[in-house]
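Asker: Sharing a structure with you now.
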Amino acid sequence: MNRYCKIFSILPFLFCLPQALAQTAVPLDPLRVEVSAGGVSIGQTKGELLTRAALPNLAWRYAGEKGWREERGKRIESIKTEANGFSFDVRFTEAMAHIRLNSDAGNAWKITGSLERIGARPIELARFHYLDGNLERRLGLLEVPGYSFPGFAQPGDKIAPERSEHEKLWASMKADWPEMADPIHDAGDWALSIDTGVFTTAWNRDGWGFGFTGPGTAFGEIGLRTSSDPSRFFVGMRLDNILLDPGETRQLESALVWHGDWQSGLEIWAATSAREMKARLVKPPMAGYCSWYQRYEDVLPEDLLRAAKEFQSWPSSPGGRTIQVDDGWEVVIGDWNPNAKFSAIWKDLPLKIKQTGAIPGTYLTPSMVAESSPIAKEHADWLQRKSDGSLAIRFPFGPFLDPDRPEVKAYMRSLLAKVRQEGWEYTKIDFTYGISTARASYDRKKTSFQTHREMYKVFREGAGADMILNACVGEPGRYAIGLVDIARLGGDMGDNWKTAKGNLARLLTLTSVNGVWWQGDPDVYQRRAMKSQLTEEESYLLTSTVGMYGGLFLTSDWPSQWTGDRADAVREFWTGSGVKRPVHQRVMWTKEGEPLAYRVTYDDGRSRIALYNWSDTPRDVTVRLDDVGLSGNGLKLHPVGRAVTLHLENGRVQSLAQPPHSLRMVDIEKK
């Protein structure tokens, strides 16, 4: 058997920061890659192996069949060595995969490929795995993000099938969201992560990382079978029952693989995705007001005018100040005309807000309609439906449109153009994630990823180049790169400690995309004591973390609702001197997956560390500067915000007797 083996190493990826205070990103380990007829073997040059001879896997069926055929590649053939890698073919019964594997930025390797139909009958595709084999070590899967984040799945964990858990979760919220049958999603004991994930032994340990980057053909998926020994894993993509015709060749989604510091690997993944998906220039951070948590759907025009007036005396942040009306201004979801509360003032409201120096902002759900809306009644054929004609997806608020239909595209394009013409300069777009793979697809050549991406292209076409768009999707939706300016990274923050704590942990796993793909939207902070269930320390922790993140900085409070020193933390991050663009971020985690310390370095060279005490009792919080990517001698500490007793000794920062559920901040600079 012929075997080809090469070791490639290119210059480490460097992340240079001002004033030489922060370290370069931790270099990734050079990899050793072997390709033979028996499969692909990947290891790092220090000796650790990821897998031996893993072969690609294809799940397919003839058009019209019910069950899926899972087929491992028969062999790897036509292996060619190249200057920095390999190209090869993998034969299946009815298809041929053409794959390239080459070294890329920062010692990561890149996998690209295409799938060619070589038979005489159309086939349907469920998924394709570039790598599908056994792990050489017992590793867990850090889901970044996963289907049930925060999650760190370990070998031996019992996990229910993903499809049933997905449908059960939404049913608990009175929503019906079925998904297509799938050989992985219908099997138990699969830990799964979307687009990127890490195999490792602990939160702060090095590991094997993967990330799908472009060009925008499918969602990537990383999986670990927790019940097998050795553990089966895969790195592949979901193809959502698309059709592959005889003689057709389909481009596949590219993926990176790396070993080493996983946060550094995610930085490379984010930068590569931004380049391949053509990210927009990230605007400076924006601050402002969102009406949602003030009155929810009962919002009134006076609420917006009051917010505009009260914030008028506040300076604008670098990206401007917005006053945004959320859900509750429209007649009904799907009838985006002002309701009785807003009809008299609607045409003048954007200008009234703008005259206070703020950016007028509004709210839309372009792909969801209420069943009582004119669209649902007059255009029932626009809705996502199953092959039997029943609704494919339905929330308590209503069903979802099929974004692939030309009539729906025209509607969504005109809706965005309408609000732009009315004078709204910022639009929060919600509930676009409602696309069921169980629907009868209007276009059998499109994956759900492509449907998502084309939908956001339509939004941008209607909105024009200058409107600020916020994709309120709650995850790093790679499909929106290059089409939006802001994206929600996490769920609704809520007003209780458990919800806020979980969302903040999720938020801080996604620092790599913030400021690279877009401004991250952590959701709002709350400082008004009469509304929030958060204690003063919890509210301060939430506000300061959202502020440090350096993305969208919104509140649902009016400043007149802040008593005592509750406005102080807001001012720290609101003003031009406080809100800066983050250029590098790093988190030190506890063994339970809670952030112990969070360091941000901004574009002005300033580095700030947040120290967390998530426990229910006071305690000392200690972190090594190396663990948050800082080094150097002669450093000076500057406590920021709340009083704190600090020590800096032997490269360690210690906050003494820190209260429960609290955060303390410190700036670090050269003496």
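Residue numbering restarts at 1 in every chain; chains get A, B, ... in the order shown in the structure tokens, and ligands count up from 1 in that same order.
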Find the spatial neighbours of Ala307 (chain A), counting only C-alpha atoms, within a cut-off of 12 Å - ignore same-chain residues fewer than 2 positions away - and output them as a count of residues only.

Answerer: 37

Asker: Run DSSP on the backbone and give me the residues of region 45-211 of chain A it puts in strand (DSSP E), as a PyMOL selection string.

Answerer: chain A and resi 49-54+57-62+69-72+75-82+85-91+95-103+109-117+123-134+140-143+152-153+190-194+196-200+207-211

Asker: Neighbouring residues of Tyr479 (chain A) were defined as those with any atom within 6 Å, considering only C-alpha atoms; residues of the same chain fewer than 2 positions away were excluded. Please report them as a PyMOL selection string.

Answerer: chain A and resi 453+477+481

Asker: Counting only C-alpha atoms, figure out which residue out of A:Asp229, A:Asp261, A:Asp495, A:Asp521 gets nearest to Val473 (chain A).

Answerer: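 Smallest separation from Val473 (chain A) among the options: A:Asp521.
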
Asker: Do you have, as JSON lines, the list of residues of region 448-519 of chain A lying at most 9 Å from region 434-440 of chain A, each with its nearest atom pair and that distance in Å to one decimal, counting only C-alpha atoms and ordered by chain then number?

Answerer:
```
{"residue": "A:Ser448", "atom": "CA", "partner": "A:Thr437", "partner_atom": "CA", "distance": 6.9}
{"residue": "A:Thr451", "atom": "CA", "partner": "A:Ile435", "partner_atom": "CA", "distance": 8.4}
{"residue": "A:His452", "atom": "CA", "partner": "A:Ile435", "partner_atom": "CA", "distance": 8.1}
```

Asker: What does the file look like for those residues with C-alpha atoms, as a PDB file, in the first residue's frame?

Answerer:
```pdb
ATOM      1  CA  SER A 448     -31.227  25.353   5.059  1.00  0.00           C
ATOM      2  CA  THR A 451     -31.933  29.487   2.480  1.00  0.00           C
ATOM      3  CA  HIS A 452     -30.864  31.465   5.568  1.00  0.00           C
TER       4      HIS A 452
END
```

Asker: For Leu281 (chain A), find every residue with an atom within 9 Å (counting only C-alpha atoms), except residues of its own chain fewer than 2 positions away, and show them as a list in words.

Answerer: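 Listed by chain and then number, they are Ala279, Lys283, Gly482, Asp485, Val516, Trp517 and Trp518 of chain A.
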
Asker: Restrict the selected residues to N, CA, C and O atoms and save them as a PDB file, in the first residue's frame.

Answerer:
```pdb
ATOM      1  N   ALA A 279     -17.046  39.566   5.215  1.00  0.00           N
ATOM      2  CA  ALA A 279     -17.668  40.344   6.289  1.00  0.00           C
ATOM      3  C   ALA A 279     -17.660  41.836   5.977  1.00  0.00           C
ATOM      4  O   ALA A 279     -16.740  42.352   5.325  1.00  0.00           O
ATOM      5  N   LYS A 283     -18.655  48.249  12.420  1.00  0.00           N
ATOM      6  CA  LYS A 283     -18.843  49.623  12.865  1.00  0.00           C
ATOM      7  C   LYS A 283     -18.423  49.767  14.327  1.00  0.00           C
ATOM      8  O   LYS A 283     -18.420  48.790  15.081  1.00  0.00           O
ATOM      9  N   GLY A 482     -21.353  39.414   6.448  1.00  0.00           N
ATOM     10  CA  GLY A 482     -21.308  40.256   5.265  1.00  0.00           C
ATOM     11  C   GLY A 482     -22.628  40.926   4.941  1.00  0.00           C
ATOM     12  O   GLY A 482     -22.694  41.751   4.029  1.00  0.00           O
ATOM     13  N   ASP A 485     -24.806  44.097  10.479  1.00  0.00           N
ATOM     14  CA  ASP A 485     -23.814  44.872  11.229  1.00  0.00           C
ATOM     15  C   ASP A 485     -23.699  44.418  12.675  1.00  0.00           C
ATOM     16  O   ASP A 485     -22.679  44.653  13.323  1.00  0.00           O
ATOM     17  N   VAL A 516     -15.257  40.950  14.765  1.00  0.00           N
ATOM     18  CA  VAL A 516     -14.624  40.380  13.567  1.00  0.00           C
ATOM     19  C   VAL A 516     -15.672  40.151  12.480  1.00  0.00           C
ATOM     20  O   VAL A 516     -15.489  40.550  11.327  1.00  0.00           O
ATOM     21  N   TRP A 517     -16.783  39.500  12.852  1.00  0.00           N
ATOM     22  CA  TRP A 517     -17.878  39.322  11.896  1.00  0.00           C
ATOM     23  C   TRP A 517     -18.824  40.515  11.919  1.00  0.00           C
ATOM     24  O   TRP A 517     -19.401  40.886  10.914  1.00  0.00           O
ATOM     25  N   TRP A 518     -19.004  41.099  13.121  1.00  0.00           N
ATOM     26  CA  TRP A 518     -19.979  42.146  13.372  1.00  0.00           C
ATOM     27  C   TRP A 518     -19.836  42.610  14.820  1.00  0.00           C
ATOM     28  O   TRP A 518     -18.997  42.112  15.564  1.00  0.00           O
TER      29      TRP A 518
END
```

Asker: When you draw a straight line from CA of Asn102 (chain A) to CA of Asp195 (chain A), how long is it in Å?

Answerer: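 Taking CA of Asn102 (chain A) as the start and CA of Asp195 (chain A) as the end point, the length is 19.4 Å.
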
Asker: Identify, on the basis of only C-alpha atoms, every residue whose closest approach to Gly319 (chain A) does not exceed 12 Å; exclude the query and any residue fewer than 6 positions from it along the same chain; express the result as an NGL selection string.

Answerer: :A and (282-288 or 358-359 or 426 or 468 or 485-486 or 519 or 550-553 or 574-576 or 579-581)

Asker: Skipping near chain neighbours, those fewer than 3 positions away, what residues fall within 9 Å of Ser41 (chain A) using only C-alpha atoms, listed as a ChimeraX atom specification?

Answerer: /A:32-36,49-54

Asker: Grab the residues selected above and save them as a PDB file, in the first residue's frame with all heavy atoms.

Answerer:
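result-v7.pdb written:
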```pdb
ATOM      1  N   ARG A  32       0.753  16.820  11.791  1.00  0.00           N
ATOM      2  CA  ARG A  32       1.271  15.764  10.931  1.00  0.00           C
ATOM      3  C   ARG A  32       0.060  15.088  10.290  1.00  0.00           C
ATOM      4  O   ARG A  32      -0.830  14.583  10.996  1.00  0.00           O
ATOM      5  CB  ARG A  32       2.068  14.749  11.746  1.00  0.00           C
ATOM      6  CG  ARG A  32       2.553  13.538  10.971  1.00  0.00           C
ATOM      7  CD  ARG A  32       3.212  12.552  11.929  1.00  0.00           C
ATOM      8  NE  ARG A  32       3.655  11.351  11.241  1.00  0.00           N
ATOM      9  CZ  ARG A  32       4.854  11.192  10.700  1.00  0.00           C
ATOM     10  NH1 ARG A  32       5.733  12.182  10.775  1.00  0.00           N
ATOM     11  NH2 ARG A  32       5.186  10.080  10.088  1.00  0.00           N
ATOM     12  N   VAL A  33      -0.011  15.106   8.981  1.00  0.00           N
ATOM     13  CA  VAL A  33      -1.156  14.565   8.252  1.00  0.00           C
ATOM     14  C   VAL A  33      -0.686  13.487   7.293  1.00  0.00           C
ATOM     15  O   VAL A  33       0.285  13.682   6.553  1.00  0.00           O
ATOM     16  CB  VAL A  33      -1.900  15.682   7.484  1.00  0.00           C
ATOM     17  CG1 VAL A  33      -3.062  15.107   6.677  1.00  0.00           C
ATOM     18  CG2 VAL A  33      -2.406  16.748   8.455  1.00  0.00           C
ATOM     19  N   GLU A  34      -1.367  12.352   7.322  1.00  0.00           N
ATOM     20  CA  GLU A  34      -1.078  11.247   6.417  1.00  0.00           C
ATOM     21  C   GLU A  34      -2.341  10.884   5.647  1.00  0.00           C
ATOM     22  O   GLU A  34      -3.429  10.841   6.224  1.00  0.00           O
ATOM     23  CB  GLU A  34      -0.589  10.023   7.186  1.00  0.00           C
ATOM     24  CG  GLU A  34       0.678  10.255   7.991  1.00  0.00           C
ATOM     25  CD  GLU A  34       1.092   9.012   8.767  1.00  0.00           C
ATOM     26  OE1 GLU A  34       0.435   7.965   8.591  1.00  0.00           O
ATOM     27  OE2 GLU A  34       2.059   9.099   9.533  1.00  0.00           O
ATOM     28  N   VAL A  35      -2.170  10.631   4.350  1.00  0.00           N
ATOM     29  CA  VAL A  35      -3.282  10.189   3.517  1.00  0.00           C
ATOM     30  C   VAL A  35      -2.876   8.906   2.814  1.00  0.00           C
ATOM     31  O   VAL A  35      -1.824   8.844   2.176  1.00  0.00           O
ATOM     32  CB  VAL A  35      -3.672  11.263   2.479  1.00  0.00           C
ATOM     33  CG1 VAL A  35      -4.823  10.758   1.603  1.00  0.00           C
ATOM     34  CG2 VAL A  35      -4.066  12.561   3.166  1.00  0.00           C
ATOM     35  N   SER A  36      -3.691   7.878   2.962  1.00  0.00           N
ATOM     36  CA  SER A  36      -3.434   6.603   2.307  1.00  0.00           C
ATOM     37  C   SER A  36      -4.749   6.056   1.783  1.00  0.00           C
ATOM     38  O   SER A  36      -5.818   6.625   2.035  1.00  0.00           O
ATOM     39  CB  SER A  36      -2.812   5.608   3.296  1.00  0.00           C
ATOM     40  OG  SER A  36      -3.761   5.226   4.266  1.00  0.00           O
ATOM     41  N   LEU A  49      -2.097  11.982  18.645  1.00  0.00           N
ATOM     42  CA  LEU A  49      -2.904  11.655  17.484  1.00  0.00           C
ATOM     43  C   LEU A  49      -4.361  12.013  17.724  1.00  0.00           C
ATOM     44  O   LEU A  49      -4.893  11.793  18.815  1.00  0.00           O
ATOM     45  CB  LEU A  49      -2.811  10.164  17.165  1.00  0.00           C
ATOM     46  CG  LEU A  49      -1.580   9.673  16.409  1.00  0.00           C
ATOM     47  CD1 LEU A  49      -1.593   8.151  16.334  1.00  0.00           C
ATOM     48  CD2 LEU A  49      -1.527  10.259  15.005  1.00  0.00           C
ATOM     49  N   LEU A  50      -4.995  12.555  16.694  1.00  0.00           N
ATOM     50  CA  LEU A  50      -6.444  12.721  16.721  1.00  0.00           C
ATOM     51  C   LEU A  50      -7.109  11.412  16.309  1.00  0.00           C
ATOM     52  O   LEU A  50      -7.978  10.887  17.003  1.00  0.00           O
ATOM     53  CB  LEU A  50      -6.867  13.833  15.768  1.00  0.00           C
ATOM     54  CG  LEU A  50      -8.374  13.965  15.502  1.00  0.00           C
ATOM     55  CD1 LEU A  50      -9.093  14.453  16.747  1.00  0.00           C
ATOM     56  CD2 LEU A  50      -8.637  14.907  14.331  1.00  0.00           C
ATOM     57  N   THR A  51      -6.683  10.873  15.165  1.00  0.00           N
ATOM     58  CA  THR A  51      -7.309   9.676  14.629  1.00  0.00           C
ATOM     59  C   THR A  51      -6.371   8.996  13.647  1.00  0.00           C
ATOM     60  O   THR A  51      -5.467   9.622  13.092  1.00  0.00           O
ATOM     61  CB  THR A  51      -8.637  10.018  13.929  1.00  0.00           C
ATOM     62  OG1 THR A  51      -9.300   8.816  13.548  1.00  0.00           O
ATOM     63  CG2 THR A  51      -8.414  10.876  12.692  1.00  0.00           C
ATOM     64  N   ARG A  52      -6.604   7.712  13.431  1.00  0.00           N
ATOM     65  CA  ARG A  52      -5.865   6.943  12.431  1.00  0.00           C
ATOM     66  C   ARG A  52      -6.822   6.544  11.306  1.00  0.00           C
ATOM     67  O   ARG A  52      -7.875   5.977  11.563  1.00  0.00           O
ATOM     68  CB  ARG A  52      -5.278   5.662  13.039  1.00  0.00           C
ATOM     69  CG  ARG A  52      -4.307   5.884  14.182  1.00  0.00           C
ATOM     70  CD  ARG A  52      -3.867   4.543  14.747  1.00  0.00           C
ATOM     71  NE  ARG A  52      -3.110   4.725  15.982  1.00  0.00           N
ATOM     72  CZ  ARG A  52      -1.786   4.819  16.030  1.00  0.00           C
ATOM     73  NH1 ARG A  52      -1.089   4.731  14.918  1.00  0.00           N
ATOM     74  NH2 ARG A  52      -1.172   4.988  17.184  1.00  0.00           N
ATOM     75  N   ALA A  53      -6.455   6.833  10.071  1.00  0.00           N
ATOM     76  CA  ALA A  53      -7.125   6.321   8.880  1.00  0.00           C
ATOM     77  C   ALA A  53      -8.646   6.478   8.924  1.00  0.00           C
ATOM     78  O   ALA A  53      -9.391   5.517   8.767  1.00  0.00           O
ATOM     79  CB  ALA A  53      -6.756   4.860   8.660  1.00  0.00           C
ATOM     80  N   ALA A  54      -9.124   7.707   9.165  1.00  0.00           N
ATOM     81  CA  ALA A  54     -10.557   7.974   9.135  1.00  0.00           C
ATOM     82  C   ALA A  54     -11.009   8.194   7.699  1.00  0.00           C
ATOM     83  O   ALA A  54     -10.402   8.976   6.956  1.00  0.00           O
ATOM     84  CB  ALA A  54     -10.884   9.208   9.977  1.00  0.00           C
TER      85      ALA A  54
END
```

Asker: Which is closer to Pro522 (chain A) than all the others in A:Glu537, A:Asp492, A:Glu221, A:Glu592, using only C-alpha atoms?

Answerer: A:Asp492

Asker: Check the DSSP output for the backbone and give back, as a PyMOL selection string, the residues of region 214-372 of chain A in helix (DSSP H, G or I).

Answerer: chain A and resi 262-276+292-298+301-311+349-354

Asker: Determine, counting only C-alpha atoms, which protein, DNA and RNA residues have an atom within 7 Å of an atom of Val257 (chain A); residues of the same chain fewer than 6 positions away are not included. Present the result as a list in words.

Answerer: Ala108, Trp109, Lys110, Gly209, Phe210 and Gly211 of chain A

Asker: Limited to N, CA and C atoms, could you put the picked residues into a file as a PDB file, in the first residue's frame?

Answerer:
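The result, written out as selection.pdb:
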```pdb
ATOM      1  N   ALA A 108      -3.105  25.635  11.258  1.00  0.00           N
ATOM      2  CA  ALA A 108      -4.358  24.932  10.987  1.00  0.00           C
ATOM      3  C   ALA A 108      -4.288  24.326   9.594  1.00  0.00           C
ATOM      4  N   TRP A 109      -5.053  23.270   9.394  1.00  0.00           N
ATOM      5  CA  TRP A 109      -5.203  22.675   8.071  1.00  0.00           C
ATOM      6  C   TRP A 109      -6.624  22.907   7.593  1.00  0.00           C
ATOM      7  N   LYS A 110      -6.758  23.027   6.280  1.00  0.00           N
ATOM      8  CA  LYS A 110      -8.052  23.305   5.684  1.00  0.00           C
ATOM      9  C   LYS A 110      -8.487  22.139   4.806  1.00  0.00           C
ATOM     10  N   GLY A 209      -9.493  21.319  17.543  1.00  0.00           N
ATOM     11  CA  GLY A 209     -10.583  22.201  17.181  1.00  0.00           C
ATOM     12  C   GLY A 209     -10.927  22.108  15.706  1.00  0.00           C
ATOM     13  N   PHE A 210     -12.185  22.432  15.408  1.00  0.00           N
ATOM     14  CA  PHE A 210     -12.681  22.385  14.036  1.00  0.00           C
ATOM     15  C   PHE A 210     -13.611  23.566  13.821  1.00  0.00           C
ATOM     16  N   GLY A 211     -13.630  24.090  12.610  1.00  0.00           N
ATOM     17  CA  GLY A 211     -14.536  25.184  12.308  1.00  0.00           C
ATOM     18  C   GLY A 211     -14.808  25.274  10.821  1.00  0.00           C
TER      19      GLY A 211
END
```

Asker: In Å to one decimal, how far is CA of His166 (chain A) from CA of Met493 (chain A)?

Answerer: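 CA of His166 (chain A) lies at a distance of 21.2 Å from CA of Met493 (chain A).
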
Asker: Find the residue from A:Ile393, A:Tyr296, A:Gly236, A:Pro399 that sits nearest to Gly494 (chain A); use only C-alpha atoms when measuring.

Answerer: A:Tyr296

Asker: Which residue is closest to Ser273 (chain A)? Choose from A:Ser343, A:Ser172, A:Ser532, A:Ser512 and count only C-alpha atoms.

Answerer: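 So, comparing all the options, the nearest one is A:Ser512.
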
Asker: If I take CA of Tyr456 (chain A) and CA of Leu489 (chain A), how far is one from the other in Å, to one decimal?

Answerer: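 Separating CA of Tyr456 (chain A) from CA of Leu489 (chain A) is a distance of 17.0 Å.
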
Asker: From the list A:Asp667, A:Glu378, A:Glu475, A:Asp189, which residue is nearest Leu611 (chain A) when using only C-alpha atoms?

Answerer: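 Closest candidate: A:Asp667.
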
Asker: Report as a tab-separated table the residues of region 549-588 of chain A within 10 Å of region 538-542 of chain A, each with its shortest atom pair and distance in Å (one decimal), using only C-alpha atoms, ordered by chain and increasing residue number.

Answerer:
```
residue	atom	partner	partner_atom	distance
A:Arg566	CA	A:Tyr540	CA	8.1
A:Asp568	CA	A:Tyr540	CA	9.7
A:Ala569	CA	A:Tyr540	CA	7.0
A:Val570	CA	A:Tyr540	CA	9.1
```

Asker: Could you write those residues out with N, CA and C atoms, as a PDB file, in the first residue's frame?

Answerer:
```pdb
ATOM      1  N   ARG A 566     -26.407  53.757  40.561  1.00  0.00           N
ATOM      2  CA  ARG A 566     -26.704  52.769  39.523  1.00  0.00           C
ATOM      3  C   ARG A 566     -26.351  53.250  38.115  1.00  0.00           C
ATOM      4  N   ASP A 568     -23.556  54.826  37.445  1.00  0.00           N
ATOM      5  CA  ASP A 568     -22.107  54.936  37.313  1.00  0.00           C
ATOM      6  C   ASP A 568     -21.527  53.885  36.368  1.00  0.00           C
ATOM      7  N   ALA A 569     -21.967  52.618  36.515  1.00  0.00           N
ATOM      8  CA  ALA A 569     -21.439  51.563  35.651  1.00  0.00           C
ATOM      9  C   ALA A 569     -21.831  51.803  34.202  1.00  0.00           C
ATOM     10  N   VAL A 570     -23.010  52.367  33.988  1.00  0.00           N
ATOM     11  CA  VAL A 570     -23.437  52.665  32.621  1.00  0.00           C
ATOM     12  C   VAL A 570     -22.530  53.727  32.012  1.00  0.00           C
TER      13      VAL A 570
END
```

Asker: With only C-alpha atoms as the atoms that count, which of A:Ala218, A:Gly398, A:Glu162, A:Gly119 lies nearest to Glu179 (chain A)?

Answerer: A:Glu162
